[in-house]
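Note: the block below is data28.cif and it holds mmCIF, C-alpha atoms.
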```
data_start
#
loop_
_atom_site.label_atom_id
_atom_site.label_comp_id
_atom_site.auth_asym_id
_atom_site.auth_seq_id
_atom_site.Cartn_x
_atom_site.Cartn_y
_atom_site.Cartn_z
CA MET A 1 100.82 79.72 100.08
CA SER A 2 102.39 82.96 98.99
CA PHE A 3 101.92 83.84 95.35
CA LEU A 4 105.11 85.88 95.31
CA GLU A 5 108.03 85.08 97.53
CA MET A 6 111.40 86.81 97.62
CA ARG A 7 114.01 84.99 99.68
CA SER A 8 117.09 86.88 100.84
CA VAL A 9 117.28 88.81 97.58
CA SER A 10 120.21 91.17 97.00
CA LYS A 11 121.07 93.23 93.96
CA TYR A 12 124.34 95.04 93.57
CA TYR A 13 126.01 96.87 90.76
CA GLY A 14 129.77 97.12 90.18
CA GLU A 15 132.52 95.08 91.80
CA GLY A 16 135.02 95.37 94.64
CA GLU A 17 135.28 98.80 96.21
CA ASN A 18 132.84 100.21 93.69
CA ARG A 19 130.13 97.72 94.56
CA VAL A 20 126.83 99.45 95.32
CA HIS A 21 123.94 97.59 96.89
CA ALA A 22 120.56 98.52 95.45
CA ILE A 23 118.76 96.07 97.74
CA GLU A 24 120.22 93.82 100.36
CA ASN A 25 118.87 90.61 101.86
CA VAL A 26 115.22 91.40 101.13
CA SER A 27 112.69 88.71 102.08
CA LEU A 28 109.07 89.34 101.32
CA SER A 29 105.98 87.31 100.60
CA VAL A 30 102.63 88.35 99.19
CA GLU A 31 99.50 86.18 99.34
CA ARG A 32 96.83 86.15 96.68
CA GLY A 33 94.10 88.65 97.52
CA SER A 34 96.39 90.92 99.49
CA LEU A 35 97.98 94.29 98.83
CA VAL A 36 101.45 95.09 100.16
CA ALA A 37 102.91 98.58 100.00
CA VAL A 38 106.65 99.17 100.02
CA MET A 39 107.44 102.63 101.36
CA GLY A 40 110.74 104.38 101.21
CA PRO A 41 112.43 107.55 100.00
CA SER A 42 113.98 107.96 96.54
CA GLY A 43 117.03 105.76 96.16
CA SER A 44 115.93 103.30 98.86
CA GLY A 45 115.72 100.44 96.35
CA LYS A 46 111.95 100.36 95.85
CA SER A 47 111.99 100.22 92.07
CA THR A 48 114.77 97.61 92.01
CA LEU A 49 112.73 95.44 94.35
CA LEU A 50 109.77 95.73 91.99
CA THR A 51 111.67 94.98 88.79
CA ILE A 52 113.20 91.88 90.40
CA ALA A 53 109.79 90.75 91.68
CA GLY A 54 108.49 91.22 88.13
CA THR A 55 111.37 89.18 86.60
CA LEU A 56 112.51 92.21 84.60
CA GLU A 57 115.86 92.05 86.34
CA GLU A 58 117.77 89.19 87.93
CA PRO A 59 118.92 89.29 91.54
CA SER A 60 122.66 89.07 92.31
CA SER A 61 121.81 86.55 95.00
CA GLY A 62 118.71 85.06 96.60
CA GLU A 63 115.64 83.54 95.06
CA VAL A 64 112.29 84.69 93.67
CA LEU A 65 109.34 82.29 93.55
CA ILE A 66 106.13 83.05 91.68
CA ASP A 67 103.20 80.72 92.28
CA GLY A 68 105.63 78.29 93.91
CA ARG A 69 108.06 78.18 90.96
CA SER A 70 111.61 79.46 91.19
CA VAL A 71 112.17 82.14 88.54
CA SER A 72 115.91 81.45 88.24
CA ALA A 73 115.15 77.83 87.25
CA MET A 74 112.90 78.92 84.38
CA SER A 75 113.91 79.07 80.72
CA ARG A 76 113.82 82.40 78.91
CA ASN A 77 110.61 81.35 77.19
CA ASP A 78 108.97 80.35 80.45
CA LYS A 79 109.89 83.69 81.96
CA ALA A 80 108.53 85.56 78.96
CA ARG A 81 105.28 83.60 79.22
CA LEU A 82 105.08 84.38 82.93
CA ARG A 83 105.46 88.08 82.19
CA ARG A 84 102.78 87.94 79.48
CA ARG A 85 100.23 85.88 81.36
CA THR A 86 100.72 86.27 85.06
CA ILE A 87 102.29 89.61 85.84
CA GLY A 88 100.77 93.04 85.28
CA TYR A 89 102.79 96.22 85.60
CA VAL A 90 101.57 99.73 86.33
CA PHE A 91 104.04 102.58 86.02
CA GLN A 92 103.93 106.20 87.12
CA ASP A 93 103.73 107.49 83.55
CA PHE A 94 101.09 104.90 82.49
CA ASN A 95 103.12 103.62 79.49
CA LEU A 96 100.13 103.38 77.16
CA LEU A 97 100.85 103.08 73.45
CA PRO A 98 99.73 106.38 71.88
CA GLY A 99 98.66 104.88 68.53
CA LEU A 100 96.22 102.41 70.08
CA THR A 101 92.80 103.08 71.61
CA ALA A 102 92.15 102.41 75.29
CA ALA A 103 90.55 99.06 74.41
CA GLU A 104 93.43 98.09 72.10
CA ASN A 105 95.97 98.97 74.79
CA VAL A 106 94.19 96.64 77.20
CA SER A 107 93.76 93.76 74.75
CA LEU A 108 97.27 93.96 73.26
CA PRO A 109 98.94 91.67 75.84
CA LEU A 110 96.24 89.05 75.22
CA GLU A 111 96.78 89.23 71.47
CA LEU A 112 100.53 88.94 71.93
CA ASP A 113 99.82 85.85 73.97
CA GLY A 114 98.03 84.29 70.99
CA LEU A 115 94.38 85.04 71.72
CA ALA A 116 92.36 85.79 68.56
CA ALA A 117 92.06 89.54 67.97
CA LYS A 118 88.26 89.58 68.19
CA ARG A 119 88.16 87.62 71.43
CA ALA A 120 91.00 89.75 72.89
CA ALA A 121 89.06 92.92 72.05
CA GLN A 122 85.96 91.59 73.85
CA VAL A 123 87.95 90.81 76.97
CA GLY A 124 89.63 94.23 76.78
CA VAL A 125 86.32 96.08 76.56
CA ALA A 126 84.93 94.00 79.44
CA ALA A 127 87.95 94.93 81.60
CA LEU A 128 87.39 98.62 80.84
CA GLU A 129 83.71 98.28 81.69
CA GLU A 130 84.65 96.84 85.05
CA LEU A 131 86.62 99.98 85.78
CA GLY A 132 83.85 102.29 84.62
CA LEU A 133 85.58 103.23 81.38
CA SER A 134 83.36 101.62 78.75
CA GLU A 135 82.55 104.99 77.18
CA ARG A 136 86.25 105.74 76.74
CA ALA A 137 87.12 102.39 75.10
CA GLU A 138 87.57 103.87 71.61
CA HIS A 139 89.48 106.95 72.75
CA TYR A 140 93.23 107.35 72.27
CA PRO A 141 95.45 108.00 75.30
CA ASP A 142 95.90 111.69 74.49
CA GLU A 143 92.11 112.07 74.60
CA LEU A 144 91.96 110.75 78.16
CA SER A 145 92.60 112.53 81.47
CA GLY A 146 95.51 111.42 83.66
CA GLY A 147 93.16 109.53 85.98
CA GLU A 148 91.51 107.74 83.04
CA ARG A 149 94.87 106.78 81.55
CA GLN A 150 95.93 105.22 84.81
CA ARG A 151 92.65 103.28 84.99
CA VAL A 152 93.34 101.94 81.48
CA ALA A 153 96.84 100.95 82.63
CA ILE A 154 95.34 99.08 85.59
CA ALA A 155 92.80 97.36 83.34
CA ARG A 156 95.69 96.25 81.13
CA ALA A 157 97.64 95.01 84.16
CA VAL A 158 94.86 92.75 85.43
CA VAL A 159 93.26 91.67 82.14
CA GLY A 160 93.06 87.94 81.50
CA GLN A 161 94.32 85.79 84.33
CA ARG A 162 97.05 88.03 85.72
CA HIS A 163 97.51 87.37 89.39
CA LEU A 164 100.53 89.47 90.25
CA LEU A 165 100.13 93.22 90.00
CA LEU A 166 103.22 95.38 90.43
CA ALA A 167 102.80 99.13 90.61
CA ASP A 168 105.54 101.76 90.78
CA GLU A 169 104.25 105.08 92.19
CA PRO A 170 100.93 104.43 90.43
CA SER A 171 99.36 107.73 91.33
CA GLY A 172 102.33 109.68 89.97
CA ALA A 173 101.28 113.25 89.45
CA LEU A 174 97.57 112.59 89.93
CA ASP A 175 95.68 114.64 92.52
CA SER A 176 94.68 112.99 95.77
CA LEU A 177 91.16 111.93 94.68
CA ASN A 178 92.45 110.32 91.49
CA GLY A 179 95.23 108.71 93.52
CA GLU A 180 92.57 107.31 95.83
CA ALA A 181 90.60 105.99 92.83
CA VAL A 182 93.73 104.19 91.60
CA MET A 183 94.27 102.55 94.99
CA ARG A 184 90.60 101.53 95.21
CA LEU A 185 90.94 99.80 91.83
CA ILE A 186 94.10 97.98 92.83
CA LEU A 187 92.56 96.90 96.14
CA GLY A 188 89.42 95.83 94.25
CA ALA A 189 91.54 93.66 91.94
CA CYS A 190 93.08 92.02 95.03
CA ARG A 191 89.74 91.38 96.71
CA GLU A 192 87.65 90.38 93.67
CA ARG A 193 90.18 88.73 91.37
CA GLU A 194 92.44 87.25 94.05
CA VAL A 195 95.37 89.26 92.74
CA ALA A 196 98.57 89.60 94.79
CA ALA A 197 99.75 93.20 94.53
CA ILE A 198 102.78 95.27 95.47
CA VAL A 199 102.66 99.03 95.29
CA VAL A 200 105.89 100.93 95.85
CA THR A 201 105.50 104.53 96.86
CA HIS A 202 106.89 107.28 99.06
CA ASP A 203 103.34 108.48 99.71
CA ALA A 204 101.84 107.43 103.05
CA GLN A 205 98.29 108.14 101.89
CA LEU A 206 98.65 105.61 99.08
CA ALA A 207 100.48 103.13 101.29
CA SER A 208 97.71 103.27 103.87
CA TRP A 209 95.38 101.43 101.47
CA ALA A 210 97.58 98.33 101.80
CA ASP A 211 97.01 95.38 104.10
CA ARG A 212 100.67 95.54 105.09
CA VAL A 213 103.24 98.30 104.70
CA ILE A 214 106.92 97.47 104.44
CA PHE A 215 109.52 100.13 105.09
CA LEU A 216 112.63 100.12 102.94
CA ARG A 217 115.68 102.15 103.85
CA ASP A 218 119.02 102.08 102.06
CA GLY A 219 118.02 98.84 100.30
CA ARG A 220 117.00 96.98 103.43
CA ILE A 221 113.63 96.20 104.95
CA VAL A 222 113.80 97.91 108.33
CA ASP A 223 110.25 97.56 109.58
CA GLN A 224 106.67 96.69 108.69
CA THR A 225 103.23 97.49 110.00
CA VAL A 226 101.33 94.97 112.07
CA PRO A 227 97.77 94.28 110.92
CA PRO A 228 95.75 97.20 112.26
CA PRO A 229 92.86 96.71 114.66
CA SER A 230 89.38 97.47 113.38
CA PRO A 231 88.60 101.11 112.56
CA GLU A 232 86.09 101.15 115.43
CA SER A 233 89.00 101.65 117.84
CA LEU A 234 89.42 105.11 116.28
CA LEU A 235 85.94 106.04 117.36
CA GLU A 236 86.61 104.89 120.92
CA HIS A 237 89.68 107.08 120.84
CA THR A 238 87.77 110.15 119.68
CA THR A 239 85.15 109.55 122.37
CA ARG A 240 87.85 109.77 125.00
CA SER A 241 89.44 112.89 123.65
CA MET B 1 86.13 121.47 117.84
CA SER B 2 83.49 124.11 118.40
CA VAL B 3 80.35 122.30 119.51
CA ARG B 4 78.85 125.72 120.13
CA HIS B 5 79.10 126.79 116.50
CA ALA B 6 78.20 123.39 115.13
CA LEU B 7 74.92 123.59 117.09
CA LEU B 8 74.29 127.11 115.79
CA GLY B 9 74.79 125.72 112.29
CA LEU B 10 72.20 123.01 112.85
CA LEU B 11 69.74 125.49 114.37
CA SER B 12 70.10 127.80 111.38
CA GLU B 13 68.12 125.17 109.43
CA GLY B 14 65.14 125.59 111.80
CA PRO B 15 64.07 125.03 115.42
CA LYS B 16 65.26 121.78 117.01
CA TYR B 17 65.32 120.11 120.40
CA GLY B 18 68.29 118.70 122.28
CA HIS B 19 68.20 115.01 121.37
CA GLN B 20 67.63 115.86 117.74
CA LEU B 21 70.63 118.23 117.80
CA ARG B 22 72.81 115.52 119.26
CA GLN B 23 71.80 113.01 116.55
CA GLU B 24 72.27 115.52 113.75
CA PHE B 25 75.63 116.69 115.14
CA GLU B 26 76.92 113.12 115.09
CA ALA B 27 75.59 112.54 111.57
CA THR B 28 77.12 115.71 110.15
CA THR B 29 80.54 114.85 111.59
CA GLY B 30 80.46 111.38 110.03
CA ASP B 31 79.80 109.81 113.48
CA VAL B 32 83.44 110.39 114.27
CA TRP B 33 82.83 112.86 117.11
CA PRO B 34 80.33 111.40 119.55
CA LEU B 35 78.67 113.96 121.80
CA ASN B 36 76.89 113.33 125.08
CA VAL B 37 73.51 114.85 125.57
CA GLY B 38 74.59 116.65 128.75
CA GLN B 39 77.15 118.57 126.71
CA VAL B 40 74.42 119.54 124.25
CA TYR B 41 72.21 121.01 126.97
CA THR B 42 75.06 122.83 128.74
CA THR B 43 76.07 124.37 125.42
CA LEU B 44 72.48 125.35 124.60
CA GLN B 45 72.11 127.04 128.01
CA ARG B 46 75.26 129.09 127.38
CA LEU B 47 74.11 130.01 123.88
CA GLU B 48 70.78 131.13 125.35
CA ARG B 49 72.53 133.16 128.07
CA ASP B 50 74.59 134.89 125.36
CA GLY B 51 71.47 135.66 123.31
CA LEU B 52 72.52 133.50 120.35
CA VAL B 53 69.59 131.10 120.66
CA GLU B 54 66.19 131.27 122.33
CA SER B 55 63.90 128.56 123.57
CA ASP B 56 60.18 128.22 123.55
CA GLU B 57 59.18 129.22 127.06
CA LEU B 58 55.69 127.74 126.65
CA THR B 59 56.85 124.15 126.33
CA ALA B 60 57.87 122.32 129.45
CA GLU B 61 61.54 121.88 130.31
CA GLY B 62 62.90 118.59 129.07
CA PRO B 63 63.87 116.71 125.98
CA GLN B 64 61.15 118.24 123.78
CA LYS B 65 62.07 121.88 124.44
CA ASP B 66 62.60 123.65 121.12
CA TYR B 67 65.55 125.94 120.47
CA ARG B 68 65.78 128.61 117.75
CA ILE B 69 68.71 130.61 116.48
CA THR B 70 68.48 134.42 116.92
CA ASP B 71 69.65 137.08 114.46
CA GLU B 72 72.65 137.61 116.69
CA GLY B 73 73.30 133.86 116.52
CA ARG B 74 73.20 133.93 112.71
CA HIS B 75 75.65 136.81 112.70
CA GLU B 76 77.97 134.98 115.11
CA LEU B 77 77.83 131.82 112.92
CA ALA B 78 78.64 133.74 109.73
CA GLU B 79 81.60 135.44 111.45
CA TRP B 80 82.93 132.14 112.83
CA LEU B 81 82.78 130.34 109.46
CA ARG B 82 85.07 132.95 107.94
CA THR B 83 87.45 133.42 110.87
CA PRO B 84 90.63 131.37 110.30
CA PRO B 85 91.57 129.24 113.29
CA ASP B 86 94.79 130.27 114.99
CA LEU B 87 97.51 128.39 113.15
CA THR B 88 100.12 131.13 113.40
CA SER B 89 102.23 130.07 116.37
CA PRO B 90 104.05 126.76 116.11
CA PRO B 91 102.76 124.51 118.88
CA ARG B 92 105.26 122.86 121.19
CA ASP B 93 104.82 119.62 119.31
CA GLU B 94 105.65 116.58 121.42
CA LEU B 95 107.00 114.62 118.48
CA VAL B 96 109.32 117.47 117.47
CA ILE B 97 110.63 117.63 121.04
CA LYS B 98 111.21 113.84 121.10
CA VAL B 99 113.23 113.98 117.89
CA LEU B 100 115.25 116.99 119.07
CA VAL B 101 116.03 115.26 122.36
CA ALA B 102 117.00 112.05 120.52
CA LEU B 103 119.35 114.07 118.32
CA GLY B 104 121.37 115.17 121.33
CA LEU B 105 121.59 111.79 123.06
CA PRO B 106 124.72 109.69 122.58
CA GLY B 107 124.03 106.10 121.56
CA VAL B 108 120.54 106.87 120.24
CA ASP B 109 119.87 106.29 116.54
CA VAL B 110 117.57 109.17 115.59
CA ARG B 111 116.49 107.41 112.39
CA GLU B 112 115.39 104.40 114.41
CA VAL B 113 113.35 106.66 116.71
CA VAL B 114 111.86 108.31 113.61
CA GLN B 115 110.88 104.90 112.21
CA VAL B 116 109.05 103.90 115.41
CA HIS B 117 106.84 106.96 115.03
CA ARG B 118 106.50 106.62 111.27
CA ARG B 119 105.21 103.07 111.62
CA TYR B 120 102.73 104.06 114.29
CA LEU B 121 101.41 106.90 112.11
CA VAL B 122 101.09 104.68 109.02
CA GLU B 123 99.17 102.09 111.08
CA LEU B 124 96.84 104.85 112.25
CA MET B 125 96.39 105.98 108.63
CA GLN B 126 95.60 102.40 107.60
CA GLN B 127 92.75 102.37 110.10
CA TRP B 128 91.34 105.69 108.89
CA THR B 129 91.64 104.49 105.29
CA ARG B 130 89.69 101.30 106.13
CA LEU B 131 86.93 103.48 107.51
CA LYS B 132 86.90 105.44 104.25
CA GLU B 133 87.07 102.28 102.14
CA ASP B 134 83.99 100.84 103.82
CA GLU B 135 81.76 103.86 104.12
CA ALA B 136 82.95 107.01 102.47
CA ASP B 137 81.18 106.54 99.15
CA SER B 138 77.84 106.91 100.84
CA ASP B 139 78.79 109.41 103.52
CA LEU B 140 80.28 112.72 102.42
CA ALA B 141 80.73 114.06 105.97
CA LEU B 142 82.67 110.96 106.99
CA ALA B 143 84.88 111.18 103.90
CA LEU B 144 85.74 114.81 104.71
CA VAL B 145 86.54 114.07 108.35
CA VAL B 146 88.68 111.06 107.43
CA ASP B 147 90.51 113.05 104.73
CA ALA B 148 91.30 115.76 107.28
CA GLU B 149 92.84 113.17 109.62
CA LEU B 150 94.75 111.51 106.77
CA PHE B 151 96.22 114.79 105.53
CA ARG B 152 97.20 115.77 109.07
CA LEU B 153 98.92 112.44 109.77
CA ASP B 154 100.51 112.47 106.31
CA SER B 155 102.07 115.86 107.00
CA VAL B 156 103.66 114.49 110.18
CA ILE B 157 105.08 111.54 108.22
CA ARG B 158 106.48 113.91 105.60
CA TRP B 159 108.20 115.82 108.36
CA LEU B 160 109.66 112.55 109.70
CA ASP B 161 110.86 111.72 106.16
CA ALA B 162 112.57 115.10 106.01
CA VAL B 163 114.21 114.46 109.41
CA ASP B 164 115.42 111.10 108.13
CA GLY B 165 116.90 112.67 105.00
CA ARG B 166 118.56 115.56 106.83
CA VAL B 167 120.08 113.33 109.51
CA LYS B 168 121.41 110.98 106.83
CA ARG B 169 122.91 113.89 104.91
CA ALA B 170 124.42 115.35 108.08
CA HIS B 171 126.16 112.03 108.76
CA LEU B 172 127.50 111.85 105.22
CA GLN B 173 128.70 115.46 105.21
CA PRO B 174 130.06 116.41 108.66
CA ALA B 175 129.04 119.96 109.54
CA ARG B 176 131.46 122.79 108.87
CA SER B 177 132.77 124.51 111.95
CA ASP B 178 130.92 127.55 113.25
CA ALA B 179 133.92 129.78 112.57
CA ALA B 180 133.96 128.85 108.90
CA ALA B 181 130.24 129.18 108.48
CA PRO B 182 128.73 131.78 110.76
CA ARG B 183 125.14 130.88 111.36
CA LEU B 184 122.24 133.16 111.62
CA ARG B 185 120.04 132.14 114.45
CA ARG B 186 116.50 133.30 114.59
CA ARG B 187 114.71 133.02 117.83
CA LEU B 188 111.41 131.27 117.43
CA VAL B 189 108.95 132.45 119.98
CA VAL B 190 106.72 129.55 120.82
CA LYS B 191 103.51 130.47 122.49
CA ARG B 192 101.57 128.02 124.57
#
```
What does the file become when written as structure tokens?
Amino acid sequence: MSFLEMRSVSKYYGEGENRVHAIENVSLSVERGSLVAVMGPSGSGKSTLLTIAGTLEEPSSGEVLIDGRSVSAMSRNDKARLRRRTIGYVFQDFNLLPGLTAAENVSLPLELDGLAAKRAAQVGVAALEELGLSERAEHYPDELSGGERQRVAIARAVVGQRHLLLADEPSGALDSLNGEAVMRLILGACREREVAAIVVTHDAQLASWADRVIFLRDGRIVDQTVPPPSPESLLEHTTRS
Amino acid sequence: MSVRHALLGLLSEGPKYGHQLRQEFEATTGDVWPLNVGQVYTTLQRLERDGLVESDELTAEGPQKDYRITDEGRHELAEWLRTPPDLTSPPRDELVIKVLVALGLPGVDVREVVQVHRRYLVELMQQWTRLKEDEADSDLALALVVDAELFRLDSVIRWLDAVDGRVKRAHLQPARSDAAAPRLRRRLVVKR
């Protein structure tokens, strides 16, 4: 069963002649353990799709189901709990709190969710260790490189039992090797923690890490990749050429 | 792909025989460019004819015959490494031609044609990325070869994105007439 399902979701702003569609009739499902990339130019509706999937915005029409439950049928409290416990967000500009250390940034959502501070800190440090950042745990964001900050943001997004990871241009201004490291971490979270992930990006190199790439144009899904054959076919191709 | 210079590079490490050169060539290119042994020997014969390598005349002909790089060969290799490949003349790119033809055809949606190619390229990139995901940590040569392919394919996709954007803009803002906006045309000479 899909962990995230969007059924005929539309979002428009304004009314009558001034109505502008941000996304139109978008249907999309993401299984646990799989990474889906949504590719499209600026203004194609990528970020709107992501904020609706993450329950940060409500659709004008259509339905969003997370782990089989319809989001529109949930109370405000249920939605808030879902956002705290189930969904992790990664943004282009990392969004780390400058006054907290890397470890505190990661453990904060757990503490907010009622976990004792000491226990939350242990889980936070463990999540950083998993991403090779244990030595940076006590550093503040401005003492970290861009690549390290984004790894902290990913640790925060998957800490605890979060099973839906939503990333908006997660490699932002990082160079290509750091961008690759970010995608490896996200893919690792999918494979090892059974996370369902959506990455929206205009960058084909990032998108190519995904199991499936969906193409968004003017708010509509116009196409998607079919599962690629094994990489060995590339070698057969180069033998021929 | 210059097999000739790649073999000179391998021989600059010390004398080697044909089968060994073939194995090492494949390893240093991340096993992405397979090479048949016949091609190795033909290339070695040409290199020998040109005085860039020499073989040990005392050993019998066959798979164990050793080849060595000459001073002239070393000079040739050093020159080649620093000579930029010819990237100056725009090639008559098949994809560019397809898009230009589509642009002039009534009833053809250029953006739809662009998307067909974009999807194909992204699928190809997914395969290269899988190869990198599985192996690249332990194989530097493979990572470099795969990166080169990914950057090349990525640049084609970026061009398609630009086509998409320009065509969309052209539809939103109909072109001004030629009289109102005299255009400078530059003739691009495309060499084959």
Residue nearest chain B among A:Ala103, A:Val226, A:Val30, A:Leu166 (counting all atoms listed in the file):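 Closest to chain B of all the choices is A:Val226.
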Quick check: residues of chain B within 9 Å of chain A, all atoms listed in the file, returned as number ranges by chain. B: 31-35, 115-116, 119-120, 122-131, 133, 150-151, 153-154, 157-158, 161, 165
Please produce a file of those selected residues containing C-alpha atoms, as an mmCIF file, in the frame of the given file.
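Dumped everything to part-v5.cif:
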```
data_model
loop_
_atom_site.group_PDB
_atom_site.id
_atom_site.type_symbol
_atom_site.label_atom_id
_atom_site.label_comp_id
_atom_site.auth_asym_id
_atom_site.auth_seq_id
_atom_site.Cartn_x
_atom_site.Cartn_y
_atom_site.Cartn_z
ATOM 1 C CA ASP B 31 79.800 109.810 113.480
ATOM 2 C CA VAL B 32 83.440 110.390 114.270
ATOM 3 C CA TRP B 33 82.830 112.860 117.110
ATOM 4 C CA PRO B 34 80.330 111.400 119.550
ATOM 5 C CA LEU B 35 78.670 113.960 121.800
ATOM 6 C CA GLN B 115 110.880 104.900 112.210
ATOM 7 C CA VAL B 116 109.050 103.900 115.410
ATOM 8 C CA ARG B 119 105.210 103.070 111.620
ATOM 9 C CA TYR B 120 102.730 104.060 114.290
ATOM 10 C CA VAL B 122 101.090 104.680 109.020
ATOM 11 C CA GLU B 123 99.170 102.090 111.080
ATOM 12 C CA LEU B 124 96.840 104.850 112.250
ATOM 13 C CA MET B 125 96.390 105.980 108.630
ATOM 14 C CA GLN B 126 95.600 102.400 107.600
ATOM 15 C CA GLN B 127 92.750 102.370 110.100
ATOM 16 C CA TRP B 128 91.340 105.690 108.890
ATOM 17 C CA THR B 129 91.640 104.490 105.290
ATOM 18 C CA ARG B 130 89.690 101.300 106.130
ATOM 19 C CA LEU B 131 86.930 103.480 107.510
ATOM 20 C CA GLU B 133 87.070 102.280 102.140
ATOM 21 C CA LEU B 150 94.750 111.510 106.770
ATOM 22 C CA PHE B 151 96.220 114.790 105.530
ATOM 23 C CA LEU B 153 98.920 112.440 109.770
ATOM 24 C CA ASP B 154 100.510 112.470 106.310
ATOM 25 C CA ILE B 157 105.080 111.540 108.220
ATOM 26 C CA ARG B 158 106.480 113.910 105.600
ATOM 27 C CA ASP B 161 110.860 111.720 106.160
ATOM 28 C CA GLY B 165 116.900 112.670 105.000
#
```
I'd like the contact shell of Ala80 (chain A) - 10 Å cut-off, only C-alpha atoms, skipping same-chain residues fewer than 6 positions apart - returned as an mmCIF file with C-alpha atoms, in the coordinates of the input.
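Dumped to out_10.cif:
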```cif
data_model
loop_
_atom_site.group_PDB
_atom_site.id
_atom_site.type_symbol
_atom_site.label_atom_id
_atom_site.label_comp_id
_atom_site.auth_asym_id
_atom_site.auth_seq_id
_atom_site.Cartn_x
_atom_site.Cartn_y
_atom_site.Cartn_z
ATOM 1 C CA THR A 55 111.370 89.180 86.600
ATOM 2 C CA LEU A 56 112.510 92.210 84.600
ATOM 3 C CA MET A 74 112.900 78.920 84.380
ATOM 4 C CA THR A 86 100.720 86.270 85.060
#
```
Reference answer for the PyMOL selection byres ((chain A and resi 220) around 7), as a ChimeraX atom specification: /A:23-26,216-219,221-222
Expansion of the PyMOL selection byres ((chain A and resi 7-18) around 12) into residues, as number ranges by chain: A: 2, 4-6, 19-30, 45-53, 57-66, 70-72, 219-221
Set the distance at 6 Å and use all atoms listed in the file: which residues neighbour Thr101 (chain A) once local chain neighbours fewer than 3 positions away are removed? I'd like the list as a PyMOL selection string. chain A and resi 104+138-140
Within 12 Å of region 13-24 of chain B, counting all atoms listed in the file, which residues qualify if same-chain residues fewer than 3 places away don't, as a compact mmCIF listing (two decimals) with C-alpha atoms, in the coordinates of the input?
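This is the output file out.txt:
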```txt
# COMPACT_ATOMS: atom_id res chain seq x y z
CA VAL B 3 80.35 122.30 119.51
CA ARG B 4 78.85 125.72 120.13
CA ALA B 6 78.20 123.39 115.13
CA LEU B 7 74.92 123.59 117.09
CA LEU B 8 74.29 127.11 115.79
CA GLY B 9 74.79 125.72 112.29
CA LEU B 10 72.20 123.01 112.85
CA ALA B 27 75.59 112.54 111.57
CA THR B 28 77.12 115.71 110.15
CA THR B 29 80.54 114.85 111.59
CA GLY B 30 80.46 111.38 110.03
CA ASP B 31 79.80 109.81 113.48
CA TRP B 33 82.83 112.86 117.11
CA PRO B 34 80.33 111.40 119.55
CA LEU B 35 78.67 113.96 121.80
CA ASN B 36 76.89 113.33 125.08
CA VAL B 37 73.51 114.85 125.57
CA GLY B 38 74.59 116.65 128.75
CA GLN B 39 77.15 118.57 126.71
CA VAL B 40 74.42 119.54 124.25
CA TYR B 41 72.21 121.01 126.97
CA THR B 42 75.06 122.83 128.74
CA THR B 43 76.07 124.37 125.42
CA LEU B 44 72.48 125.35 124.60
CA GLN B 45 72.11 127.04 128.01
CA VAL B 53 69.59 131.10 120.66
CA GLU B 54 66.19 131.27 122.33
CA SER B 55 63.90 128.56 123.57
CA ASP B 56 60.18 128.22 123.55
CA THR B 59 56.85 124.15 126.33
CA ALA B 60 57.87 122.32 129.45
CA GLU B 61 61.54 121.88 130.31
CA GLY B 62 62.90 118.59 129.07
CA PRO B 63 63.87 116.71 125.98
CA GLN B 64 61.15 118.24 123.78
CA LYS B 65 62.07 121.88 124.44
CA ASP B 66 62.60 123.65 121.12
CA TYR B 67 65.55 125.94 120.47
CA ARG B 68 65.78 128.61 117.75
CA ILE B 69 68.71 130.61 116.48
CA THR B 70 68.48 134.42 116.92
CA ARG B 74 73.20 133.93 112.71
CA ALA B 141 80.73 114.06 105.97
```
For region 168-173 of chain A, please output as an mmCIF file with C-alpha atoms, in the frame of the given file all residues within 7 Å (counting all atoms listed in the file; exclusion window: fewer than 2 positions along the same chain).
```cif
data_model
loop_
_atom_site.group_PDB
_atom_site.id
_atom_site.type_symbol
_atom_site.label_atom_id
_atom_site.label_comp_id
_atom_site.auth_asym_id
_atom_site.auth_seq_id
_atom_site.Cartn_x
_atom_site.Cartn_y
_atom_site.Cartn_z
ATOM 1 C CA SER A 47 111.990 100.220 92.070
ATOM 2 C CA VAL A 90 101.570 99.730 86.330
ATOM 3 C CA PHE A 91 104.040 102.580 86.020
ATOM 4 C CA GLN A 92 103.930 106.200 87.120
ATOM 5 C CA ASP A 93 103.730 107.490 83.550
ATOM 6 C CA LEU A 166 103.220 95.380 90.430
ATOM 7 C CA ASP A 175 95.680 114.640 92.520
ATOM 8 C CA GLY A 179 95.230 108.710 93.520
ATOM 9 C CA VAL A 182 93.730 104.190 91.600
ATOM 10 C CA VAL A 199 102.660 99.030 95.290
ATOM 11 C CA VAL A 200 105.890 100.930 95.850
ATOM 12 C CA THR A 201 105.500 104.530 96.860
#
```
If you apply the PyMOL selection byres ((chain A and resi 147) around 9) to this file, what residues do you get, as a list in words?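 The output of the PyMOL selection byres ((chain A and resi 147) around 9) on this file is Leu144, Ser145, Gly146, Glu148, Arg149, Gln150, Arg151, Val152, Ser171, Leu174, Asp175, Asn178, Gly179, Ala181 and Val182 of chain A.
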Interatomic distance (Å, one decimal) between CA of Gly124 (chain A) and CA of Val106 (chain A):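 Separating CA of Gly124 (chain A) from CA of Val106 (chain A) is a distance of 5.2 Å.
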Considering all atoms listed in the file, state which residue in the set A:Pro141, A:Arg85, A:Ala196, A:Ala167 is at the smallest distance from Gly114 (chain A).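 Counting all atoms listed in the file, the residue closest to Gly114 (chain A) is A:Arg85.
Atom to atom, CA of Leu164 (chain A) and CA of Val125 (chain A) stand 20.8 Å apart.
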